[in-house]
Amino acid sequence: MPSSKKVNKRVLVTGGCGFLGSQLCDQLLARPDLELLICVDNLWTGRKENVAHIRDPRFKKVFCGVEDFRSDHRFDEVFHLASPASPPWYMREPARTISANIVGAMRTLELLEDGGRFCYTSTSEVYGEPEVSPQPESYRGAVDCTGPRSSYDEAKRVTESLLFETRRTRGLELRVARLFNTFGPRMRADDGRAISNFIVQALMGGPVRVQGDGSQSRSWGYVSDVIEGLSRYFWRDTFAYDGPLNIGNDREVTVLDVATYVAELVGGREIVFEAPMPHDPTHRCPDLTMARRVLPGWTCEVPYEEGVRLTVEWMKQELSDPARSARVAGASGVAG
């Protein structure tokens, strides 16, 4: 159910042209209580193509940075997704990454109606190089605040702090989700994360390049399952839990196993090993005890093998565009 009985709601999604943001917009537009959905995106990592199919007159696009967004509207619900999530992207522009998360949250909090709900996609990266596995929401993490991934890790941690302190001091209605590795259609071909890299490399003739020895493990959640969890947590279900809440797949698979599967699926590509990504966490797996309590019956139903097959088919269509294929022809390396 929506967050209150009010109809004709005005909703803001930042990062709405992104991999996850665009698919969340699709779900929001199925709501009968929606009057207006504004999608804000500066197209840093988002793409116009991700929302090109939307013809709903309630849907409005604004192409600017979330920090610069201004509106005459105040919003009943804000969904703050504006941020790169791939290490090659956020490591290139740390100041921009920090600003999108923290300044973006401060800007959009000002646009929230009194009594409105603020929903934020945080990340499993707040756990850093975990000393506990699987990681429950109560685990405080082991993040290197001066490392090369810290712009993303710490931006997410500080934004969580801002939101939970705003709840404490002002009574903010809040939902904070910590997302684990997610993949599927609408990922950029040059996204720079493991599964998209492996698929692109294999489809373009290989070899499939693994950074490090491939023993680092992740929990790979297919996008439809993750979006279902977010939709239920952010607005559909009714409960008294603001978060944080782990959302992801608790089946742990090594990077090498994924690379091997992709290489065989696409046609026996060679696997080569390269220098490891700096500060790449050795493992990542969510403890979903709280998620099962808050969202009974929700689970990641799509096995990563099936998800990879679906993503390969989607990526083939992406790379069938010669111009786009040429832009990603040099893609290499893996980030978790």
# chains A, B, ... in the order shown; residues from 1 in each chain; ligands from 1
$ closest_atom_pairs --of "segment 195-247 of chain A" --to "segment 23-40 of chain A" --cutoff "10 Å" --atoms "only C-alpha atoms" --output "tab-separated table"
residue	atom	partner	partner_atom	distance
A:Val223	CA	A:Gln23	CA	8.7
A:Ser224	CA	A:Gln23	CA	8.5
A:Val226	CA	A:Leu24	CA	10.0
A:Ile227	CA	A:Leu24	CA	6.5
A:Glu228	CA	A:Gln27	CA	8.8
A:Leu230	CA	A:Leu24	CA	8.1
A:Ser231	CA	A:Gln27	CA	7.3
A:Trp235	CA	A:Leu28	CA	9.2
A:Arg236	CA	A:Arg31	CA	9.6
$ write_last_selection --atoms "C-alpha atoms" --output "PDB file, in the first residue's frame"
ATOM      1  CA  VAL A 223      17.141  -6.606 -10.989  1.00  0.00           C
ATOM      2  CA  SER A 224      13.477  -7.693 -11.030  1.00  0.00           C
ATOM      3  CA  VAL A 226      15.614  -6.234  -6.156  1.00  0.00           C
ATOM      4  CA  ILE A 227      13.021  -3.839  -7.593  1.00  0.00           C
ATOM      5  CA  GLU A 228      10.245  -5.983  -6.121  1.00  0.00           C
ATOM      6  CA  LEU A 230      12.361  -1.994  -3.008  1.00  0.00           C
ATOM      7  CA  SER A 231       8.762  -1.462  -4.141  1.00  0.00           C
ATOM      8  CA  TRP A 235       5.641   2.044  -0.446  1.00  0.00           C
ATOM      9  CA  ARG A 236       3.590  -1.112  -0.976  1.00  0.00           C
TER      10      ARG A 236
END
$ closest_atom_pairs --of "segment 98-185 of chain A" --to "segment 79-93 of chain A" --cutoff "12 Å" --atoms "only C-alpha atoms" --output "CSV"
residue,atom,partner,partner_atom,distance
A:Ile98,CA,A:Ser83,CA,8.4
A:Ser99,CA,A:Ser83,CA,8.9
A:Ala100,CA,A:Ser83,CA,5.7
A:Asn101,CA,A:Ser83,CA,6.1
A:Ile102,CA,A:Ser83,CA,9.9
A:Val103,CA,A:Ala82,CA,10.6
A:Gly104,CA,A:Ala82,CA,7.5
A:Ala105,CA,A:His80,CA,6.9
A:Met106,CA,A:His80,CA,10.5
A:Arg107,CA,A:His80,CA,10.5
A:Thr108,CA,A:His80,CA,8.0
A:Leu109,CA,A:His80,CA,9.7
A:Leu111,CA,A:Phe79,CA,11.7
A:Leu112,CA,A:Phe79,CA,10.5
A:Gly116,CA,A:Phe79,CA,11.1
A:Arg117,CA,A:Phe79,CA,8.6
A:Phe118,CA,A:Phe79,CA,6.2
A:Cys119,CA,A:Phe79,CA,4.7
A:Tyr120,CA,A:His80,CA,5.0
A:Thr121,CA,A:Leu81,CA,5.7
A:Ser122,CA,A:Leu81,CA,8.3
A:Thr123,CA,A:Ala85,CA,8.7
A:Ser124,CA,A:Ala85,CA,10.9
A:Glu125,CA,A:Ala85,CA,9.8
A:Gly147,CA,A:Met91,CA,10.0
A:Pro148,CA,A:Met91,CA,6.4
A:Arg149,CA,A:Met91,CA,6.3
A:Ser150,CA,A:Met91,CA,8.6
A:Ser151,CA,A:Tyr90,CA,7.2
A:Tyr152,CA,A:Tyr90,CA,6.6
A:Asp153,CA,A:Ala85,CA,10.0
A:Glu154,CA,A:Tyr90,CA,11.9
A:Ala155,CA,A:Ser83,CA,9.6
A:Lys156,CA,A:Ser83,CA,9.5
A:Thr159,CA,A:His80,CA,10.4
A:Glu160,CA,A:His80,CA,11.5
A:Leu163,CA,A:His80,CA,11.3
A:Leu174,CA,A:Phe79,CA,10.3
A:Arg175,CA,A:Phe79,CA,9.3
A:Val176,CA,A:His80,CA,9.9
A:Ala177,CA,A:Leu81,CA,10.6
A:Arg178,CA,A:Leu81,CA,11.6
A:Leu179,CA,A:Ala85,CA,10.2
A:Phe180,CA,A:Ala85,CA,10.6
A:Asn181,CA,A:Ala85,CA,9.6
A:Thr182,CA,A:Ala85,CA,10.1
A:Phe183,CA,A:Ala85,CA,11.5
$ closest_residue --among "A:Arg284, A:Lys61, A:Arg10, A:Arg251" --to "Asp41 of chain A" --atoms "only C-alpha atoms"
A:Lys61
$ closest_residue --among "A:Thr146, A:Leu245, A:Arg209, A:Arg309" --to "Leu265 of chain A" --atoms "only C-alpha atoms"
A:Arg309
$ closest_residue --among "A:Val266, A:Leu256, A:Ile247, A:Ala240" --to "Thr299 of chain A" --atoms "only C-alpha atoms"
A:Ile247
$ residues_around --residues "Trp220 of chain A" --least-positions-apart "6" --cutoff "10 Å" --atoms "only C-alpha atoms" --output "PDB file with C-alpha atoms, in the first residue's frame"
ATOM      1  CA  PHE A 180      23.851  -5.627  -2.561  1.00  0.00           C
ATOM      2  CA  ASN A 181      25.214  -6.389  -6.031  1.00  0.00           C
ATOM      3  CA  THR A 182      22.439  -6.043  -8.609  1.00  0.00           C
ATOM      4  CA  PHE A 183      22.526  -6.778 -12.327  1.00  0.00           C
ATOM      5  CA  GLY A 184      20.236  -7.132 -15.308  1.00  0.00           C
ATOM      6  CA  ILE A 195      28.871  -9.142 -14.707  1.00  0.00           C
ATOM      7  CA  GLY A 248      19.842  -8.527  -2.186  1.00  0.00           C
ATOM      8  CA  ASN A 249      20.557 -12.178  -2.848  1.00  0.00           C
ATOM      9  CA  ASP A 250      22.121 -14.202  -0.045  1.00  0.00           C
ATOM     10  CA  ARG A 251      23.573 -16.794  -2.409  1.00  0.00           C
ATOM     11  CA  GLU A 252      27.314 -16.084  -2.516  1.00  0.00           C
ATOM     12  CA  VAL A 253      29.189 -16.825  -5.758  1.00  0.00           C
ATOM     13  CA  THR A 254      32.834 -16.107  -6.555  1.00  0.00           C
ATOM     14  CA  VAL A 258      30.683 -15.973 -12.725  1.00  0.00           C
ATOM     15  CA  ARG A 284      29.919  -9.633   0.441  1.00  0.00           C
ATOM     16  CA  CYS A 285      26.731 -11.391   1.535  1.00  0.00           C
ATOM     17  CA  CYS A 300      15.507 -13.304  -4.825  1.00  0.00           C
ATOM     18  CA  VAL A 302      15.857 -15.615 -10.191  1.00  0.00           C
ATOM     19  CA  PRO A 303      19.054 -17.733  -9.980  1.00  0.00           C
ATOM     20  CA  TYR A 304      22.105 -15.819 -11.091  1.00  0.00           C
ATOM     21  CA  GLU A 305      22.574 -18.292 -13.960  1.00  0.00           C
ATOM     22  CA  GLY A 307      19.722 -13.753 -14.683  1.00  0.00           C
ATOM     23  CA  VAL A 308      23.000 -13.863 -16.592  1.00  0.00           C
TER      24      VAL A 308
END
$ select_by_dssp --residues "segment 191-336 of chain A" --states "strand (DSSP E)" --output "JSON, numbers by chain"
{"A": [208, 209, 210, 211, 217, 218, 219, 221, 222, 245, 246, 247, 252, 253, 254, 271, 272, 273, 274]}
$ residues_around --residues "Ala291 of chain A" --least-positions-apart "3" --cutoff "10 Å" --atoms "only C-alpha atoms" --output "list in words"
Glu137, Ala177, Gly229, Tyr233, Gly243, Pro244, Leu245, Asn246, Ile247, Gly248, Pro286, Asp287, Leu288, Val294, Leu295, Pro296, Gly297, Trp298 and Thr299 of chain A
$ write_last_selection --atoms "C-alpha atoms" --output "PDB file, in the first residue's frame"
ATOM      1  CA  GLU A 137      22.181  -4.363   9.445  1.00  0.00           C
ATOM      2  CA  ALA A 177      17.663   0.218   1.845  1.00  0.00           C
ATOM      3  CA  GLY A 229      11.922  -5.754  -2.709  1.00  0.00           C
ATOM      4  CA  TYR A 233       9.760  -1.714   1.272  1.00  0.00           C
ATOM      5  CA  GLY A 243      15.739   0.758   8.217  1.00  0.00           C
ATOM      6  CA  PRO A 244      18.376   0.196   7.315  1.00  0.00           C
ATOM      7  CA  LEU A 245      17.268  -2.923   5.449  1.00  0.00           C
ATOM      8  CA  ASN A 246      19.474  -5.253   3.426  1.00  0.00           C
ATOM      9  CA  ILE A 247      18.064  -5.957  -0.040  1.00  0.00           C
ATOM     10  CA  GLY A 248      19.842  -8.527  -2.186  1.00  0.00           C
ATOM     11  CA  PRO A 286      23.573 -10.004   3.173  1.00  0.00           C
ATOM     12  CA  ASP A 287      21.991 -11.324   6.315  1.00  0.00           C
ATOM     13  CA  LEU A 288      18.331 -11.214   5.250  1.00  0.00           C
ATOM     14  CA  VAL A 294       9.657  -6.927   7.288  1.00  0.00           C
ATOM     15  CA  LEU A 295       8.797  -8.276   3.814  1.00  0.00           C
ATOM     16  CA  PRO A 296       7.417 -11.769   4.431  1.00  0.00           C
ATOM     17  CA  GLY A 297       7.597 -13.960   1.350  1.00  0.00           C
ATOM     18  CA  TRP A 298      10.050 -11.742  -0.521  1.00  0.00           C
ATOM     19  CA  THR A 299      13.154 -13.451  -1.867  1.00  0.00           C
TER      20      THR A 299
END
$ residues_around --residues "segment 199-208 of chain A" --least-positions-apart "6" --cutoff "7 Å" --atoms "only C-alpha atoms" --output "short mmCIF file (atom, residue, chain, number, x, y, z; two decimals) with C-alpha atoms, in the first residue's frame"
data_model
loop_
_atom_site.label_atom_id
_atom_site.label_comp_id
_atom_site.auth_asym_id
_atom_site.auth_seq_id
_atom_site.Cartn_x
_atom_site.Cartn_y
_atom_site.Cartn_z
CA ALA A 189 27.56 -1.77 -21.42
CA ALA A 259 33.45 -15.31 -15.26
CA VAL A 262 29.74 -16.25 -18.80
CA ALA A 263 32.73 -17.46 -20.84
CA VAL A 266 28.83 -17.09 -24.76
CA ARG A 269 36.02 -17.56 -24.22
CA GLU A 270 39.45 -17.51 -22.62
CA ILE A 271 39.79 -16.22 -19.04
CA VAL A 272 42.81 -14.08 -18.18
CA VAL A 312 23.35 -11.60 -22.15
#
$ atom_distance --atom1 "atom CA of Val158 of chain A" --atom2 "atom CA of Tyr139 of chain A"
15.8 Å
$ atom_distance --atom1 "atom CA of Leu172 of chain A" --atom2 "atom CA of Gly115 of chain A"
7.1 Å
$ closest_residue --among "A:Thr14, A:Thr289, A:Thr97, A:Ser215" --to "Glu77 of chain A" --atoms "only C-alpha atoms"
A:Thr14
$ closest_residue --among "A:Asn42, A:Asn50, A:Thr169, A:Ser138" --to "Arg96 of chain A" --atoms "only C-alpha atoms"
A:Asn42
$ select_by_dssp --residues "segment 84-204 of chain A" --states "helix (DSSP H, G or I)" --output "MDAnalysis selection string"
chainID A and resid 87:92 94:109 124:127 150:170 194:203
$ write_last_selection --atoms "C-alpha atoms" --output "PDB file, in the first residue's frame"
ATOM      1  CA  PRO A  87      33.890   1.800  -8.724  1.00  0.00           C
ATOM      2  CA  PRO A  88      35.459   2.953 -12.018  1.00  0.00           C
ATOM      3  CA  TRP A  89      32.865   5.729 -12.246  1.00  0.00           C
ATOM      4  CA  TYR A  90      32.908   6.988  -8.652  1.00  0.00           C
ATOM      5  CA  MET A  91      36.678   6.577  -8.256  1.00  0.00           C
ATOM      6  CA  ARG A  92      37.197   8.929 -11.234  1.00  0.00           C
ATOM      7  CA  PRO A  94      34.968  11.437  -5.942  1.00  0.00           C
ATOM      8  CA  ALA A  95      33.801  15.007  -5.239  1.00  0.00           C
ATOM      9  CA  ARG A  96      30.916  14.604  -7.637  1.00  0.00           C
ATOM     10  CA  THR A  97      29.965  11.278  -6.030  1.00  0.00           C
ATOM     11  CA  ILE A  98      29.959  12.744  -2.538  1.00  0.00           C
ATOM     12  CA  SER A  99      27.912  15.722  -3.689  1.00  0.00           C
ATOM     13  CA  ALA A 100      25.274  13.635  -5.470  1.00  0.00           C
ATOM     14  CA  ASN A 101      24.589  11.643  -2.317  1.00  0.00           C
ATOM     15  CA  ILE A 102      24.943  14.142   0.521  1.00  0.00           C
ATOM     16  CA  VAL A 103      24.107  17.485  -1.083  1.00  0.00           C
ATOM     17  CA  GLY A 104      21.432  15.748  -3.121  1.00  0.00           C
ATOM     18  CA  ALA A 105      19.794  14.455   0.052  1.00  0.00           C
ATOM     19  CA  MET A 106      19.939  17.875   1.704  1.00  0.00           C
ATOM     20  CA  ARG A 107      18.398  19.518  -1.389  1.00  0.00           C
ATOM     21  CA  THR A 108      15.559  17.033  -1.724  1.00  0.00           C
ATOM     22  CA  LEU A 109      14.761  16.997   1.983  1.00  0.00           C
ATOM     23  CA  SER A 124      26.379  -2.877   1.154  1.00  0.00           C
ATOM     24  CA  GLU A 125      29.606  -0.906   0.698  1.00  0.00           C
ATOM     25  CA  VAL A 126      28.880   0.713   4.073  1.00  0.00           C
ATOM     26  CA  TYR A 127      30.146  -2.588   5.538  1.00  0.00           C
ATOM     27  CA  SER A 150      35.832   5.936   0.255  1.00  0.00           C
ATOM     28  CA  SER A 151      34.044   8.656  -1.728  1.00  0.00           C
ATOM     29  CA  TYR A 152      31.203   6.218  -2.338  1.00  0.00           C
ATOM     30  CA  ASP A 153      31.353   4.243   0.926  1.00  0.00           C
ATOM     31  CA  GLU A 154      31.518   7.287   3.156  1.00  0.00           C
ATOM     32  CA  ALA A 155      29.042   9.337   1.122  1.00  0.00           C
ATOM     33  CA  LYS A 156      26.479   6.612   1.664  1.00  0.00           C
ATOM     34  CA  ARG A 157      27.321   6.329   5.366  1.00  0.00           C
ATOM     35  CA  VAL A 158      27.111  10.075   5.944  1.00  0.00           C
ATOM     36  CA  THR A 159      23.830  10.316   4.031  1.00  0.00           C
ATOM     37  CA  GLU A 160      22.403   7.556   6.198  1.00  0.00           C
ATOM     38  CA  SER A 161      23.534   9.542   9.243  1.00  0.00           C
ATOM     39  CA  LEU A 162      21.903  12.713   7.922  1.00  0.00           C
ATOM     40  CA  LEU A 163      18.613  10.922   7.324  1.00  0.00           C
ATOM     41  CA  PHE A 164      18.443   9.051  10.601  1.00  0.00           C
ATOM     42  CA  GLU A 165      19.380  12.196  12.526  1.00  0.00           C
ATOM     43  CA  THR A 166      16.691  14.110  10.638  1.00  0.00           C
ATOM     44  CA  ARG A 167      14.244  11.424  11.700  1.00  0.00           C
ATOM     45  CA  ARG A 168      15.385  11.820  15.318  1.00  0.00           C
ATOM     46  CA  THR A 169      15.204  15.614  15.368  1.00  0.00           C
ATOM     47  CA  ARG A 170      12.290  16.289  12.998  1.00  0.00           C
ATOM     48  CA  ALA A 194      31.892  -7.638 -12.967  1.00  0.00           C
ATOM     49  CA  ILE A 195      28.871  -9.142 -14.707  1.00  0.00           C
ATOM     50  CA  SER A 196      28.462  -6.395 -17.303  1.00  0.00           C
ATOM     51  CA  ASN A 197      32.209  -6.417 -17.996  1.00  0.00           C
ATOM     52  CA  PHE A 198      32.311 -10.181 -18.419  1.00  0.00           C
ATOM     53  CA  ILE A 199      29.311 -10.211 -20.740  1.00  0.00           C
ATOM     54  CA  VAL A 200      30.572  -7.355 -22.916  1.00  0.00           C
ATOM     55  CA  GLN A 201      34.068  -8.825 -23.130  1.00  0.00           C
ATOM     56  CA  ALA A 202      32.696 -12.244 -24.083  1.00  0.00           C
ATOM     57  CA  LEU A 203      30.218 -10.893 -26.638  1.00  0.00           C
TER      58      LEU A 203
END
$ decode --residues "segment 195-255 of chain A" --atoms "C-alpha atoms" --output "tab-separated table (two decimals), in the first residue's frame"
chain	number	residue	atom	x	y	z
A	195	ILE	CA	28.87	-9.14	-14.71
A	196	SER	CA	28.46	-6.39	-17.30
A	197	ASN	CA	32.21	-6.42	-18.00
A	198	PHE	CA	32.31	-10.18	-18.42
A	199	ILE	CA	29.31	-10.21	-20.74
A	200	VAL	CA	30.57	-7.36	-22.92
A	201	GLN	CA	34.07	-8.82	-23.13
A	202	ALA	CA	32.70	-12.24	-24.08
A	203	LEU	CA	30.22	-10.89	-26.64
A	204	MET	CA	32.97	-8.85	-28.27
A	205	GLY	CA	35.22	-11.86	-28.68
A	206	GLY	CA	36.93	-12.09	-25.31
A	207	PRO	CA	39.01	-12.75	-23.40
A	208	VAL	CA	37.10	-12.43	-20.15
A	209	ARG	CA	39.29	-10.44	-17.78
A	210	VAL	CA	39.26	-11.15	-14.04
A	211	GLN	CA	40.95	-8.71	-11.70
A	212	GLY	CA	42.77	-10.56	-8.94
A	213	ASP	CA	42.47	-14.32	-8.58
A	214	GLY	CA	38.67	-14.30	-8.75
A	215	SER	CA	38.20	-15.70	-5.25
A	216	GLN	CA	36.37	-12.56	-4.12
A	217	SER	CA	32.70	-13.39	-3.71
A	218	ARG	CA	29.51	-11.40	-4.17
A	219	SER	CA	25.79	-11.97	-3.81
A	220	TRP	CA	24.29	-11.36	-7.24
A	221	GLY	CA	20.69	-10.14	-7.22
A	222	TYR	CA	18.71	-10.00	-10.46
A	223	VAL	CA	17.14	-6.61	-10.99
A	224	SER	CA	13.48	-7.69	-11.03
A	225	ASP	CA	13.85	-9.28	-7.59
A	226	VAL	CA	15.61	-6.23	-6.16
A	227	ILE	CA	13.02	-3.84	-7.59
A	228	GLU	CA	10.25	-5.98	-6.12
A	229	GLY	CA	11.92	-5.75	-2.71
A	230	LEU	CA	12.36	-1.99	-3.01
A	231	SER	CA	8.76	-1.46	-4.14
A	232	ARG	CA	7.42	-3.41	-1.20
A	233	TYR	CA	9.76	-1.71	1.27
A	234	PHE	CA	9.42	1.84	-0.02
A	235	TRP	CA	5.64	2.04	-0.45
A	236	ARG	CA	3.59	-1.11	-0.98
A	237	ASP	CA	3.80	-2.85	2.42
A	238	THR	CA	2.77	-1.43	5.78
A	239	PHE	CA	5.08	-1.83	8.79
A	240	ALA	CA	6.91	0.21	11.41
A	241	TYR	CA	10.56	-0.15	10.36
A	242	ASP	CA	12.56	2.72	8.86
A	243	GLY	CA	15.74	0.76	8.22
A	244	PRO	CA	18.38	0.20	7.31
A	245	LEU	CA	17.27	-2.92	5.45
A	246	ASN	CA	19.47	-5.25	3.43
A	247	ILE	CA	18.06	-5.96	-0.04
A	248	GLY	CA	19.84	-8.53	-2.19
A	249	ASN	CA	20.56	-12.18	-2.85
A	250	ASP	CA	22.12	-14.20	-0.05
A	251	ARG	CA	23.57	-16.79	-2.41
A	252	GLU	CA	27.31	-16.08	-2.52
A	253	VAL	CA	29.19	-16.82	-5.76
A	254	THR	CA	32.83	-16.11	-6.56
A	255	VAL	CA	33.82	-13.71	-9.30
